[in-house]
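Printed here is data_5.txt (compact mmCIF, C-alpha atoms and all ligand atoms):
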```txt
# COMPACT_ATOMS: atom_id res chain seq x y z
CA MET I 11 102.73 53.63 108.58
CA ALA I 12 104.50 55.02 105.49
CA VAL I 13 104.77 52.71 102.50
CA GLU I 14 107.82 52.69 100.22
CA ILE I 15 107.72 51.16 96.74
CA LEU I 16 111.23 50.03 95.82
CA PRO I 17 112.80 48.28 92.82
CA VAL I 18 114.28 45.02 94.12
CA GLN I 19 115.89 41.76 93.07
CA VAL I 20 113.49 38.85 92.87
CA GLU I 21 114.96 37.20 95.97
CA ALA I 22 113.36 39.95 98.09
CA ILE I 23 109.84 39.00 97.03
CA LEU I 24 109.80 35.22 96.65
CA ALA I 25 108.50 34.74 100.20
CA ILE I 26 105.56 37.10 99.57
CA ARG I 27 104.69 35.34 96.31
CA SER I 28 104.68 32.03 98.13
CA ARG I 29 102.70 33.20 101.15
CA VAL I 30 100.03 35.19 99.28
CA LEU I 31 99.77 33.60 95.85
CA ARG I 32 101.04 30.04 96.04
CA PRO I 33 101.05 28.66 99.60
CA ASP I 34 101.34 25.22 97.99
CA ARG I 35 104.84 26.19 96.80
CA THR I 36 108.03 27.11 98.63
CA PRO I 37 109.49 30.57 97.94
CA GLU I 38 112.13 28.96 95.73
CA GLN I 39 109.41 27.20 93.72
CA CYS I 40 107.81 30.61 93.08
CA ARG I 41 110.59 31.69 90.73
CA LEU I 42 109.42 32.42 87.18
CA ILE I 43 111.60 31.57 84.22
CA GLU I 44 111.57 35.24 83.20
CA ASP I 45 112.56 36.51 86.67
CA ASP I 46 116.24 36.98 85.88
CA GLU I 47 115.87 38.28 82.34
CA ALA I 48 117.37 41.71 81.82
CA ALA I 49 114.10 43.50 81.04
CA THR I 50 112.11 42.06 83.95
CA CYS I 51 111.41 44.52 86.80
CA HIS I 52 110.38 43.72 90.35
CA TRP I 53 109.08 46.05 93.06
CA ALA I 54 108.55 45.51 96.75
CA ALA I 55 106.25 47.48 99.03
CA ARG I 56 107.93 48.04 102.38
CA THR I 57 106.47 49.31 105.63
CA GLY I 58 108.56 49.59 108.77
CA GLY I 59 111.43 47.75 107.10
CA ALA I 60 109.32 44.70 106.21
CA VAL I 61 108.34 43.64 102.70
CA VAL I 62 104.53 43.45 102.58
CA GLY I 63 103.77 43.35 98.88
CA CYS I 64 105.24 42.87 95.43
CA VAL I 65 104.73 43.04 91.70
CA THR I 66 106.74 42.04 88.62
CA ILE I 67 106.52 43.17 85.00
CA LEU I 68 108.10 41.63 81.92
CA PRO I 69 107.78 42.15 78.18
CA GLN I 70 105.52 39.53 76.63
CA ARG I 71 103.05 39.44 73.76
CA VAL I 72 99.37 38.90 74.50
CA PRO I 73 98.85 35.21 73.74
CA PRO I 74 96.51 34.32 70.88
CA ARG I 75 94.73 31.76 73.03
CA LEU I 76 93.75 31.75 76.67
CA PRO I 77 95.18 29.10 79.00
CA GLY I 78 93.00 27.07 81.33
CA ASN I 79 92.04 23.62 82.44
CA PRO I 80 89.64 22.81 80.89
CA PRO I 81 90.20 25.38 78.14
CA PRO I 82 87.61 28.15 77.93
CA ILE I 83 84.74 27.57 75.48
CA ASN I 84 85.84 30.51 73.35
CA PRO I 85 89.65 30.35 73.53
CA ILE I 86 90.32 33.08 70.99
CA VAL I 87 91.33 36.37 72.51
CA ASP I 88 89.82 39.48 70.95
CA SER I 89 91.65 39.68 67.62
CA LEU I 90 92.44 43.32 68.28
CA TRP I 91 94.84 42.26 71.06
CA ALA I 92 96.01 38.75 70.24
CA GLY I 93 99.72 38.71 69.52
CA ARG I 94 100.18 42.40 70.36
CA SER I 95 103.42 43.24 72.12
CA GLY I 96 103.05 44.52 75.64
CA TRP I 97 104.15 44.14 79.23
CA ARG I 98 102.74 41.47 81.47
CA VAL I 99 102.09 42.00 85.17
CA ARG I 100 102.91 38.99 87.31
CA GLY I 101 103.05 38.12 91.00
CA MET I 102 100.78 40.93 92.23
CA ALA I 103 100.47 40.34 95.97
CA VAL I 104 99.97 42.11 99.28
CA LEU I 105 100.07 40.36 102.65
CA PRO I 106 96.55 39.70 104.00
CA ASP I 107 96.90 41.98 107.03
CA GLN I 108 98.04 44.85 104.76
CA GLN I 109 95.37 44.56 102.09
CA SER I 110 92.78 47.27 101.32
CA LEU I 111 95.15 50.03 102.41
CA GLY I 112 96.04 51.14 98.90
CA ILE I 113 99.39 49.28 98.77
CA GLY I 114 98.40 47.21 95.75
CA ALA I 115 97.35 50.40 93.97
CA LEU I 116 100.79 51.93 94.62
CA LEU I 117 102.53 48.83 93.29
CA ILE I 118 100.50 48.67 90.09
CA GLU I 119 100.98 52.41 89.62
CA ALA I 120 104.77 51.95 89.77
CA ALA I 121 104.57 49.08 87.29
CA VAL I 122 102.38 50.96 84.81
CA ALA I 123 104.57 54.08 85.11
CA GLU I 124 107.60 51.97 84.15
CA VAL I 125 105.79 50.59 81.10
CA ARG I 126 104.93 54.15 80.03
CA ARG I 127 108.55 55.18 80.61
CA ARG I 128 109.59 52.49 78.14
CA ALA I 129 107.16 53.95 75.60
CA ALA I 130 105.10 50.76 75.42
CA ASP I 131 101.36 51.06 75.07
CA LEU I 132 99.87 47.87 76.47
CA VAL I 133 99.88 46.25 79.90
CA TRP I 134 98.16 42.92 80.49
CA CYS I 135 97.84 40.16 83.05
CA TYR I 136 95.91 37.07 83.94
CA GLY I 137 94.06 38.34 86.99
CA ARG I 138 92.18 36.27 89.51
CA LEU I 139 88.46 36.99 89.52
CA THR I 140 88.77 37.52 93.28
CA ALA I 141 90.90 40.58 92.43
CA ASP I 142 88.52 41.81 89.71
CA ARG I 143 87.62 45.06 91.50
CA PHE I 144 91.27 45.80 92.15
CA TYR I 145 92.23 45.42 88.47
CA ARG I 146 89.26 47.42 87.22
CA ARG I 147 90.01 50.21 89.70
CA ALA I 148 93.60 50.23 88.44
CA GLY I 149 92.33 50.77 84.88
CA PHE I 150 92.38 47.25 83.43
CA VAL I 151 89.53 45.92 81.33
CA PRO I 152 88.68 42.19 81.27
CA SER I 153 88.70 40.55 77.84
CA GLY I 154 87.28 37.22 76.70
CA PRO I 155 85.78 34.48 78.86
CA SER I 156 87.05 33.59 82.32
CA PHE I 157 89.21 30.47 82.55
CA ASP I 158 90.26 28.11 85.31
CA THR I 159 93.87 27.40 86.23
CA PRO I 160 93.80 25.09 89.27
CA PRO I 161 94.73 25.56 92.04
CA THR I 162 94.60 29.34 91.63
CA GLY I 163 91.03 29.44 90.35
CA LEU I 164 89.16 31.54 87.83
CA HIS I 165 91.02 34.23 85.91
CA HIS I 166 90.37 36.82 83.26
CA LEU I 167 92.74 38.31 80.76
CA TYR I 168 92.94 41.97 81.79
CA LEU I 169 94.20 44.63 79.39
CA MET I 170 95.19 48.25 79.84
CA ALA I 171 95.89 50.30 76.72
CA LEU I 172 98.11 53.28 77.48
CA GLY I 173 97.96 56.52 75.57
CA SER I 174 100.94 57.07 73.34
CA GLY I 175 103.89 59.04 74.64
CA GLU I 176 105.23 60.10 77.99
CA GLY I 177 102.64 61.19 80.53
CA ALA I 178 99.68 60.38 78.29
C1 LIG M 201 94.68 41.97 94.85
C2 LIG M 201 95.66 42.64 95.82
C3 LIG M 201 97.05 42.58 95.26
C4 LIG M 201 95.24 44.09 95.98
O1 LIG M 201 96.13 44.72 96.89
P1 LIG M 201 95.57 45.73 97.99
O2 LIG M 201 96.74 46.37 98.63
O3 LIG M 201 94.60 45.03 98.85
O4 LIG M 201 94.83 46.76 97.01
P2 LIG M 201 94.31 48.22 97.34
O5 LIG M 201 94.27 48.44 98.80
O6 LIG M 201 95.05 49.15 96.48
O7 LIG M 201 92.86 48.14 96.79
C5 LIG M 201 91.98 47.21 97.39
C6 LIG M 201 90.80 47.93 97.93
O8 LIG M 201 91.22 48.89 98.91
C7 LIG M 201 90.67 50.18 98.58
N1 LIG M 201 91.63 51.23 98.97
C8 LIG M 201 92.50 51.84 98.17
N2 LIG M 201 93.20 52.77 98.85
C9 LIG M 201 92.76 52.71 100.13
C10 LIG M 201 93.11 53.41 101.31
N3 LIG M 201 94.05 54.38 101.34
N4 LIG M 201 92.48 53.06 102.45
C11 LIG M 201 91.54 52.11 102.45
N5 LIG M 201 91.17 51.43 101.34
C12 LIG M 201 91.77 51.73 100.20
C13 LIG M 201 90.50 50.14 97.13
O9 LIG M 201 89.48 51.06 96.73
C14 LIG M 201 90.05 48.72 96.90
O10 LIG M 201 88.72 48.64 97.23
P3 LIG M 201 87.74 47.82 96.33
O11 LIG M 201 87.93 46.39 96.74
O12 LIG M 201 86.42 48.36 96.69
O13 LIG M 201 88.15 48.05 94.91
C15 LIG M 201 95.63 41.97 97.21
O14 LIG M 201 94.34 42.06 97.73
C16 LIG M 201 96.10 40.56 97.21
O15 LIG M 201 97.29 40.28 97.31
N6 LIG M 201 95.16 39.60 97.10
C17 LIG M 201 95.49 38.19 97.14
C18 LIG M 201 96.36 37.78 95.96
C19 LIG M 201 95.76 38.13 94.64
O16 LIG M 201 94.61 37.85 94.35
N7 LIG M 201 96.59 38.73 93.79
C20 LIG M 201 96.23 39.00 92.42
C21 LIG M 201 96.54 37.76 91.66
S1 LIG M 201 96.07 37.91 89.98
```

Could you rewrite the structure in this file as structure tokens?
Amino acid sequence: MAVEILPVQVEAILAIRSRVLRPDRTPEQCRLIEDDEAATCHWAARTGGAVVGCVTILPQRVPPRLPGNPPPINPIVDSLWAGRSGWRVRGMAVLPDQQSLGIGALLIEAAVAEVRRRAADLVWCYGRLTADRFYRRAGFVPSGPSFDTPPTGLHHLYLMALGSGEGA
């Protein structure tokens, strides 16, 4: 079935966030404080009229220290990236029965294209290790040690440096 990737308001994707990423939270509890900020962008993947996946990007600097509980042994992010301005990918999710069909790849492609369009040169996220192959395939590189954020498990900081300029 054809997949459409559409810019949406956050309300269209809260249920997917809850179901795929945080089943311990209601859709309403899956709102992020940055969700309604002017620069934040959300996309939904739709097949047959139903929303089956989502992603969000927002401008945010790479933090100088990694989060985690307990904190990682080496909490300092590579000094090349710490504090750099960039765009953060959040809420990357595809419904279980729609995974491994390339929908996640389409969503991340839309997100990265938007970052390029805004002439920014860095995309980053805290990615679950269970999605490591997905992020690497999309062009992200893990940086620093993995860290644990219960209940969502082990994560890496993933970085993608974009070439300068449109279409680089
Ligand atoms: C991680 C996640 C978003 C990826 O979405 P997805 O739609 O499954 O991703 P894709 O289909 O693009 O890629 C997944 C795999 O399918 C493969 N694939 C890509 N296009 C494909 C196609 N047309 N047909 C079949 N397989 C395809 C990819 O090569 C990839 O394989 P790999 O595991 O060997 O790398 C999704 O699996 C998910 O929601 N997981 C649970 C939540 C999660 O971990 N989110 C990330 C939080 S940080």

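For the residues I:Phe157, I:Gln109, I:Pro80, I:Ala130, ranking by smallest atom-to-atom distance to I:Arg94 using only C-alpha atoms places I:Ala130 first.
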
Give me the chain I side of the contact with ligand LIG 201 (chain M), cut-off 7 Å, one line per residue showing its nearest atom pair and distance in Å at one decimal, counting only C-alpha atoms and all ligand atoms, sorted by chain and residue number, as a tab-separated table.
```
residue	atom	partner	partner_atom	distance
I:Val30	CA	M:LIG201	C18	5.6
I:Leu31	CA	M:LIG201	C18	5.4
I:Gly101	CA	M:LIG201	C21	6.6
I:Met102	CA	M:LIG201	C20	4.9
I:Ala103	CA	M:LIG201	O15	3.5
I:Val104	CA	M:LIG201	O15	3.8
I:Leu105	CA	M:LIG201	O15	6.0
I:Pro106	CA	M:LIG201	O15	6.8
I:Gln108	CA	M:LIG201	O2	6.4
I:Gln109	CA	M:LIG201	O3	3.4
I:Ser110	CA	M:LIG201	O5	3.2
I:Leu111	CA	M:LIG201	N4	4.0
I:Gly112	CA	M:LIG201	O5	3.2
I:Ile113	CA	M:LIG201	O2	3.9
I:Gly114	CA	M:LIG201	O2	3.4
I:Ala115	CA	M:LIG201	O6	3.6
I:Leu116	CA	M:LIG201	O6	6.6
I:Tyr136	CA	M:LIG201	S1	6.1
I:Gly137	CA	M:LIG201	S1	3.6
I:Arg138	CA	M:LIG201	S1	4.2
I:Thr140	CA	M:LIG201	O16	5.9
I:Ala141	CA	M:LIG201	C1	4.7
I:Arg143	CA	M:LIG201	O13	4.6
I:Phe144	CA	M:LIG201	O13	4.7
I:Arg147	CA	M:LIG201	O13	5.9
```

Contacts of stretch 65-71 of chain I at 8 Å or less, counting all atoms listed in the file, minus same-chain residues fewer than 6 places along, as a PDB file with C-alpha atoms, in the coordinates of the input?
```
ATOM      1  CA  GLU I  44     111.570  35.240  83.200  1.00  0.00           C
ATOM      2  CA  ALA I  49     114.100  43.500  81.040  1.00  0.00           C
ATOM      3  CA  THR I  50     112.110  42.060  83.950  1.00  0.00           C
ATOM      4  CA  CYS I  51     111.410  44.520  86.800  1.00  0.00           C
ATOM      5  CA  HIS I  52     110.380  43.720  90.350  1.00  0.00           C
ATOM      6  CA  TRP I  53     109.080  46.050  93.060  1.00  0.00           C
ATOM      7  CA  ALA I  54     108.550  45.510  96.750  1.00  0.00           C
ATOM      8  CA  ALA I  92      96.010  38.750  70.240  1.00  0.00           C
ATOM      9  CA  GLY I  93      99.720  38.710  69.520  1.00  0.00           C
ATOM     10  CA  ARG I  94     100.180  42.400  70.360  1.00  0.00           C
ATOM     11  CA  SER I  95     103.420  43.240  72.120  1.00  0.00           C
ATOM     12  CA  GLY I  96     103.050  44.520  75.640  1.00  0.00           C
ATOM     13  CA  TRP I  97     104.150  44.140  79.230  1.00  0.00           C
ATOM     14  CA  ARG I  98     102.740  41.470  81.470  1.00  0.00           C
ATOM     15  CA  VAL I  99     102.090  42.000  85.170  1.00  0.00           C
ATOM     16  CA  ARG I 100     102.910  38.990  87.310  1.00  0.00           C
ATOM     17  CA  GLY I 101     103.050  38.120  91.000  1.00  0.00           C
ATOM     18  CA  MET I 102     100.780  40.930  92.230  1.00  0.00           C
ATOM     19  CA  ALA I 103     100.470  40.340  95.970  1.00  0.00           C
ATOM     20  CA  LEU I 117     102.530  48.830  93.290  1.00  0.00           C
ATOM     21  CA  ILE I 118     100.500  48.670  90.090  1.00  0.00           C
ATOM     22  CA  ALA I 121     104.570  49.080  87.290  1.00  0.00           C
TER      23      ALA I 121
END
```

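One distance worth recording is that between atom CA of I:Ala48 and atom CA of I:Gly149, which is 26.8 Å.
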
Interface rows for stretch 129-152 of chain I against stretch 87-91 of chain I: nearest pair, Å to one decimal, 12 Å, only C-alpha atoms, as a Markdown table:
```
| residue | atom | partner | partner_atom | distance |
| --- | --- | --- | --- | --- |
| I:Asp131 | CA | I:Trp91 | CA | 11.7 |
| I:Leu132 | CA | I:Trp91 | CA | 9.3 |
| I:Val133 | CA | I:Trp91 | CA | 10.9 |
| I:Trp134 | CA | I:Trp91 | CA | 10.0 |
| I:Pro152 | CA | I:Asp88 | CA | 10.7 |
```

Report the centre and edge lengths, in Å to one decimal, of an axis-aligned box enclosing every atom of stretch 32-49 of chain I listed in the file, padded by 3 Å on each side, as AutoDock Vina command-line options.
```
--center_x 109.2 --center_y 34.4 --center_z 90.3 --size_x 22.3 --size_y 24.3 --size_z 24.6
```

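With only the atoms specified (only C-alpha atoms) counting, those residues at most 8 Å away from (92.3, 48.8, 82.9) are I:Tyr145, I:Arg146, I:Arg147, I:Ala148, I:Gly149, I:Phe150, I:Val151, I:Pro152, I:Tyr168, I:Leu169, I:Met170, I:Ala171.
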
At what distance in Å, to one decimal, does atom CA of I:Glu47 lie from atom CA of I:Pro161? 26.5 Å

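Taking atom CA of I:Val13 and atom CA of I:Asp107 as the two end points, the separation is 14.1 Å.
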
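The point (93.8, 22.4, 80.6) has these residues within 10 Å of it, counting all atoms listed in the file: Pro77, Gly78, Asn79, Pro80, Pro81, Pro82, Phe157, Asp158, Thr159 and Pro160 of chain I.
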
Nearby residues (all atoms listed in the file) at most 9 Å from I:Thr57, same-chain spacing under 5 positions excluded, as a count of residues only: 5

Please provide as a tab-separated table (two decimals) with C-alpha atoms, in the frame of the given file all residues within 12 Å of I:Pro37, with the sequence filter that same-chain residues fewer than 2 positions apart are discarded (counting all atoms listed in the file).
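Listing of selection09.tsv after writing:
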```tsv
chain	number	residue	atom	x	y	z
I	20	VAL	CA	113.49	38.85	92.87
I	21	GLU	CA	114.96	37.20	95.97
I	22	ALA	CA	113.36	39.95	98.09
I	23	ILE	CA	109.84	39.00	97.03
I	24	LEU	CA	109.80	35.22	96.65
I	25	ALA	CA	108.50	34.74	100.20
I	26	ILE	CA	105.56	37.10	99.57
I	27	ARG	CA	104.69	35.34	96.31
I	28	SER	CA	104.68	32.03	98.13
I	29	ARG	CA	102.70	33.20	101.15
I	30	VAL	CA	100.03	35.19	99.28
I	31	LEU	CA	99.77	33.60	95.85
I	32	ARG	CA	101.04	30.04	96.04
I	33	PRO	CA	101.05	28.66	99.60
I	34	ASP	CA	101.34	25.22	97.99
I	35	ARG	CA	104.84	26.19	96.80
I	39	GLN	CA	109.41	27.20	93.72
I	40	CYS	CA	107.81	30.61	93.08
I	41	ARG	CA	110.59	31.69	90.73
I	42	LEU	CA	109.42	32.42	87.18
```

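Among I:Leu139, I:Leu167, I:Ala120, I:Arg126, the residue with the shortest atom-to-atom distance to I:Pro74, counting all atoms listed in the file, is I:Leu167.
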